[in-house]
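Visitor: Shown below is the structure under consideration.
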Amino acid sequence: DIANAKAALRDIAKWYPGYKDQGYEIAGFVWWQGHKDTGNKAHASKYEENLVRLIENLRKDYNAPKAKFVLATGCGNPGTEGLGKAIAEAQLAVGDAKKYPKFSGNVKAVDTRDLWRSVEVSPKNQGYHYNRNAETFLETGLRLGRAMAELLNGGQS
């Protein structure tokens with residue numbers, strides 16, 4: 001994804017024909033991931049540390065030191081036990097301004113575990129990726145969008 005995004009930015013006029021070298025700003029990043037790490041205790045134990053590094057490295061790689069960062073708990077399963085819970089807690093910890101003062105006002109985590117929908121109301125019994133439930137995807141997008149808008153507006157929603 002990073003390589004594709006950088007390629008698009010290098011040739012931005014291809015994607016936005018009205019673009020005339022007026023520059024651009026990377027205002028923020030959105031992150032919703034975590035399921036694959038639930039299968040590996042070593043990955044789960046380092047998730048928080050790695051997520052902090054990811055935020056810092058994305059900002060550096062895109063020369064966007066002030067870019068906001070919003071993330072949703074993304075264990076892809078209910079995230080209420082085992083490694084799924086550990087990852088969800090790590091994600092929420094990174095969004096905790098008391099624990100990470102450098103992220104105060106520029107990183108926000110939203111908990112989406114309450115959006116898990118059962119197989120009976122979902123298109124697929126995966127046990128992960130929220131059983132492909134469209135309501136879950138929509139509501140997660142809305143929460144992430146509101147969180148980003150709040151950060152971009154200086155904490156005002």
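In the structure tokens, chains take the letters A, B, ... in the order shown, each chain's residues start at 1, and ligands count up from 1 in the order shown.
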Can you pull out the residues contacting Asp114 in chain A? Cut-off 10 Å, using only C-alpha atoms, and skip same-chain residues under 2 positions away; I want them as a PyMOL selection string.
Guide: chain A and resi 78-80+111-112+116-117+136
Visitor: Generate the output file for the selected residues, all heavy atoms, as a short mmCIF file (atom, residue, chain, number, x, y, z; two decimals), in the first residue's frame.
Guide:
```
data_model
loop_
_atom_site.label_atom_id
_atom_site.label_comp_id
_atom_site.auth_asym_id
_atom_site.auth_seq_id
_atom_site.Cartn_x
_atom_site.Cartn_y
_atom_site.Cartn_z
N PRO A 78 -13.95 -10.84 17.87
CA PRO A 78 -14.51 -10.00 18.93
C PRO A 78 -13.49 -9.24 19.78
O PRO A 78 -13.82 -8.23 20.39
CB PRO A 78 -15.32 -10.98 19.78
CG PRO A 78 -15.69 -12.06 18.83
CD PRO A 78 -14.51 -12.20 17.91
N GLY A 79 -12.25 -9.69 19.82
CA GLY A 79 -11.22 -8.96 20.56
C GLY A 79 -11.47 -8.88 22.05
O GLY A 79 -11.07 -7.93 22.71
N THR A 80 -12.14 -9.88 22.57
CA THR A 80 -12.48 -9.87 23.99
C THR A 80 -11.74 -10.92 24.79
O THR A 80 -11.93 -11.03 26.00
CB THR A 80 -14.00 -10.07 24.18
OG1 THR A 80 -14.37 -11.29 23.54
CG2 THR A 80 -14.79 -8.92 23.57
N ASP A 111 -12.61 2.25 19.68
CA ASP A 111 -12.89 0.85 19.98
C ASP A 111 -14.09 0.40 19.13
O ASP A 111 -15.16 0.97 19.22
CB ASP A 111 -13.20 0.69 21.47
CG ASP A 111 -13.11 -0.74 21.93
OD1 ASP A 111 -13.08 -1.67 21.09
OD2 ASP A 111 -13.07 -0.95 23.16
N THR A 112 -13.88 -0.61 18.31
CA THR A 112 -14.95 -1.12 17.45
C THR A 112 -15.37 -2.54 17.83
O THR A 112 -16.14 -3.16 17.10
CB THR A 112 -14.51 -1.11 15.96
OG1 THR A 112 -13.36 -1.93 15.82
CG2 THR A 112 -14.22 0.30 15.49
N TRP A 116 -18.93 -6.07 16.51
CA TRP A 116 -18.91 -7.46 16.07
C TRP A 116 -20.35 -7.94 15.92
O TRP A 116 -21.17 -7.76 16.82
CB TRP A 116 -18.18 -8.34 17.10
CG TRP A 116 -18.18 -9.78 16.69
CD1 TRP A 116 -19.06 -10.74 17.09
CD2 TRP A 116 -17.26 -10.41 15.81
NE1 TRP A 116 -18.75 -11.93 16.51
CE2 TRP A 116 -17.65 -11.76 15.71
CE3 TRP A 116 -16.16 -9.97 15.09
CZ2 TRP A 116 -16.96 -12.68 14.92
CZ3 TRP A 116 -15.47 -10.88 14.30
CH2 TRP A 116 -15.88 -12.21 14.23
N ARG A 117 -20.67 -8.50 14.76
CA ARG A 117 -22.00 -9.03 14.51
C ARG A 117 -21.90 -10.54 14.31
O ARG A 117 -20.95 -11.05 13.73
CB ARG A 117 -22.63 -8.39 13.26
CG ARG A 117 -22.78 -6.87 13.36
CD ARG A 117 -23.75 -6.48 14.48
NE ARG A 117 -23.95 -5.04 14.56
CZ ARG A 117 -23.39 -4.25 15.47
NH1 ARG A 117 -22.57 -4.75 16.39
NH2 ARG A 117 -23.63 -2.96 15.48
N THR A 136 -20.92 -3.33 10.18
CA THR A 136 -19.69 -3.14 10.94
C THR A 136 -18.73 -2.26 10.17
O THR A 136 -18.14 -1.32 10.73
CB THR A 136 -19.04 -4.50 11.25
OG1 THR A 136 -19.92 -5.26 12.06
CG2 THR A 136 -17.71 -4.32 11.97
#
```
Visitor: Write out as JSON, numbers by chain which residues come within 12 Å of Leu152 in chain A when counting only C-alpha atoms, dropping same-chain ones fewer than 4 positions away.
Guide: {"A": [26, 27, 28, 29, 66, 67, 68, 69, 70, 105, 106, 107, 108, 145, 146, 147, 148, 156, 157]}
Visitor: If you run DSSP over the backbone, which residues in chain A end up strand (DSSP E)? Put them as a short mmCIF file (atom, residue, chain, number, x, y, z; two decimals) with all heavy atoms, in the first residue's frame.
Guide:
```
data_model
loop_
_atom_site.label_atom_id
_atom_site.label_comp_id
_atom_site.auth_asym_id
_atom_site.auth_seq_id
_atom_site.Cartn_x
_atom_site.Cartn_y
_atom_site.Cartn_z
N GLY A 28 -3.48 13.13 7.18
CA GLY A 28 -3.71 12.08 8.16
C GLY A 28 -3.63 10.70 7.59
O GLY A 28 -3.60 10.50 6.37
N PHE A 29 -3.59 9.74 8.50
CA PHE A 29 -3.55 8.32 8.17
C PHE A 29 -4.65 7.62 8.95
O PHE A 29 -4.97 8.01 10.07
CB PHE A 29 -2.20 7.71 8.59
CG PHE A 29 -1.01 8.31 7.90
CD1 PHE A 29 -0.27 9.31 8.51
CD2 PHE A 29 -0.62 7.86 6.66
CE1 PHE A 29 0.84 9.87 7.89
CE2 PHE A 29 0.49 8.42 6.01
CZ PHE A 29 1.22 9.42 6.64
N VAL A 30 -5.17 6.56 8.35
CA VAL A 30 -6.20 5.73 9.00
C VAL A 30 -5.67 4.30 9.04
O VAL A 30 -5.13 3.80 8.05
CB VAL A 30 -7.53 5.77 8.22
CG1 VAL A 30 -8.55 4.84 8.83
CG2 VAL A 30 -8.07 7.20 8.17
N TRP A 31 -5.83 3.64 10.18
CA TRP A 31 -5.31 2.29 10.38
C TRP A 31 -6.40 1.41 10.97
O TRP A 31 -7.00 1.75 11.99
CB TRP A 31 -4.11 2.36 11.33
CG TRP A 31 -3.36 1.08 11.49
CD1 TRP A 31 -3.38 0.25 12.57
CD2 TRP A 31 -2.45 0.50 10.55
NE1 TRP A 31 -2.54 -0.82 12.36
CE2 TRP A 31 -1.95 -0.68 11.12
CE3 TRP A 31 -2.01 0.87 9.28
CZ2 TRP A 31 -1.03 -1.49 10.48
CZ3 TRP A 31 -1.10 0.06 8.65
CH2 TRP A 31 -0.61 -1.11 9.24
N TRP A 32 -6.65 0.28 10.31
CA TRP A 32 -7.61 -0.71 10.83
C TRP A 32 -7.06 -2.07 10.49
O TRP A 32 -7.26 -2.60 9.41
CB TRP A 32 -8.99 -0.50 10.21
CG TRP A 32 -10.08 -1.27 10.88
CD1 TRP A 32 -10.13 -1.70 12.17
CD2 TRP A 32 -11.32 -1.69 10.29
NE1 TRP A 32 -11.30 -2.36 12.42
CE2 TRP A 32 -12.06 -2.36 11.27
CE3 TRP A 32 -11.86 -1.55 9.01
CZ2 TRP A 32 -13.31 -2.92 11.02
CZ3 TRP A 32 -13.11 -2.10 8.77
CH2 TRP A 32 -13.83 -2.78 9.77
N GLN A 33 -6.33 -2.64 11.41
CA GLN A 33 -5.58 -3.87 11.17
C GLN A 33 -5.34 -4.55 12.49
O GLN A 33 -5.41 -3.93 13.54
CB GLN A 33 -4.25 -3.51 10.48
CG GLN A 33 -3.33 -4.65 10.16
CD GLN A 33 -2.42 -5.08 11.31
OE1 GLN A 33 -2.23 -4.36 12.28
NE2 GLN A 33 -1.88 -6.26 11.22
N GLY A 34 -5.03 -5.83 12.45
CA GLY A 34 -4.66 -6.52 13.68
C GLY A 34 -4.91 -8.01 13.67
O GLY A 34 -4.31 -8.75 14.44
N LYS A 68 -2.28 13.65 11.26
CA LYS A 68 -3.07 12.99 12.30
C LYS A 68 -3.11 11.50 12.00
O LYS A 68 -2.88 11.06 10.86
CB LYS A 68 -4.49 13.55 12.34
CG LYS A 68 -4.58 15.06 12.43
CD LYS A 68 -3.85 15.63 13.60
CE LYS A 68 -4.07 17.14 13.70
NZ LYS A 68 -3.14 17.78 14.57
N PHE A 69 -3.41 10.71 13.01
CA PHE A 69 -3.44 9.26 12.86
C PHE A 69 -4.62 8.74 13.67
O PHE A 69 -4.69 8.97 14.88
CB PHE A 69 -2.14 8.64 13.38
CG PHE A 69 -1.94 7.20 13.00
CD1 PHE A 69 -1.20 6.86 11.89
CD2 PHE A 69 -2.51 6.19 13.75
CE1 PHE A 69 -1.00 5.53 11.54
CE2 PHE A 69 -2.33 4.86 13.41
CZ PHE A 69 -1.57 4.53 12.30
N VAL A 70 -5.56 8.08 13.00
CA VAL A 70 -6.68 7.46 13.69
C VAL A 70 -6.63 5.96 13.44
O VAL A 70 -6.23 5.52 12.36
CB VAL A 70 -8.05 8.05 13.28
CG1 VAL A 70 -8.15 9.51 13.67
CG2 VAL A 70 -8.33 7.87 11.80
N LEU A 71 -7.00 5.21 14.44
CA LEU A 71 -7.01 3.77 14.30
C LEU A 71 -8.21 3.19 15.01
O LEU A 71 -8.73 3.76 15.97
CB LEU A 71 -5.73 3.16 14.86
CG LEU A 71 -5.49 3.33 16.35
CD1 LEU A 71 -5.13 2.00 16.98
CD2 LEU A 71 -4.38 4.33 16.59
N ALA A 72 -8.65 2.06 14.48
CA ALA A 72 -9.75 1.33 15.10
C ALA A 72 -9.21 0.00 15.59
O ALA A 72 -8.31 -0.58 14.97
CB ALA A 72 -10.87 1.09 14.08
N THR A 73 -9.76 -0.47 16.70
CA THR A 73 -9.40 -1.81 17.13
C THR A 73 -9.74 -2.72 15.96
O THR A 73 -10.83 -2.67 15.42
CB THR A 73 -10.16 -2.23 18.40
OG1 THR A 73 -11.55 -2.04 18.20
CG2 THR A 73 -9.70 -1.45 19.61
N GLY A 74 -8.78 -3.49 15.54
CA GLY A 74 -8.98 -4.26 14.31
C GLY A 74 -8.53 -5.68 14.42
O GLY A 74 -7.79 -6.17 13.59
N VAL A 107 -3.20 11.60 17.68
CA VAL A 107 -3.50 10.18 17.49
C VAL A 107 -4.76 9.87 18.29
O VAL A 107 -4.89 10.29 19.45
CB VAL A 107 -2.35 9.27 17.96
CG1 VAL A 107 -2.75 7.80 17.93
CG2 VAL A 107 -1.10 9.50 17.11
N LYS A 108 -5.67 9.14 17.67
CA LYS A 108 -6.90 8.78 18.36
C LYS A 108 -7.24 7.34 17.99
O LYS A 108 -7.22 6.95 16.83
CB LYS A 108 -8.03 9.72 17.94
CG LYS A 108 -9.28 9.56 18.77
CD LYS A 108 -10.22 10.73 18.49
CE LYS A 108 -11.44 10.68 19.36
NZ LYS A 108 -11.25 11.19 20.69
N ALA A 109 -7.56 6.56 19.02
CA ALA A 109 -7.99 5.18 18.82
C ALA A 109 -9.48 5.07 19.12
O ALA A 109 -9.96 5.66 20.09
CB ALA A 109 -7.21 4.25 19.74
N VAL A 110 -10.18 4.32 18.29
CA VAL A 110 -11.60 4.08 18.53
C VAL A 110 -11.81 2.58 18.70
O VAL A 110 -11.24 1.77 17.98
CB VAL A 110 -12.50 4.65 17.42
CG1 VAL A 110 -12.42 6.16 17.37
CG2 VAL A 110 -12.17 4.08 16.06
#
```
Visitor: Tell me which protein, DNA and RNA residues are within 9 Å of Val94 in chain A, counting only C-alpha atoms, leaving out same-chain ones fewer than 5 positions away, and put them as a list in words.
Guide: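 In the requested form, the answer reads Glu48, Glu49, Leu51, Val52, Glu89, Lys99, Tyr100, Phe103, Val107, Lys108 and Ala109 of chain A.
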Visitor: Suppose you want the space between CA of Gly23 in chain A and CA of Leu9 in chain A; what is it in Å?
Guide: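 About the pair CA of Gly23 in chain A and CA of Leu9 in chain A: they are 9.9 Å apart.
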Visitor: List every residue of chain A that DSSP, applied to the backbone, labels as helix (DSSP H, G or I), and write the result as a VMD selection string.
Guide: chain A and resid 2 to 10 12 to 15 35 to 39 41 to 45 47 to 61 82 to 94 101 to 103 113 to 115 119 to 121 129 to 132 134 to 152
Visitor: Report as a count of residues only all protein, DNA and RNA residues lying within 9 Å of Ser122 in chain A, evaluated on only C-alpha atoms, omitting residues in the same chain fewer than 3 positions from it.
Guide: 10
Visitor: As an exercise, work out the distance from CA of Arg113 in chain A to CA of Ala86 in chain A in Å and give it to one decimal place.
Guide: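 Those two atoms sit 12.5 Å apart.
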Visitor: By how many Å are CA of Ala97 in chain A and CA of Ala5 in chain A apart?
Guide: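 Going from CA of Ala97 in chain A over to CA of Ala5 in chain A, I get 28.6 Å.
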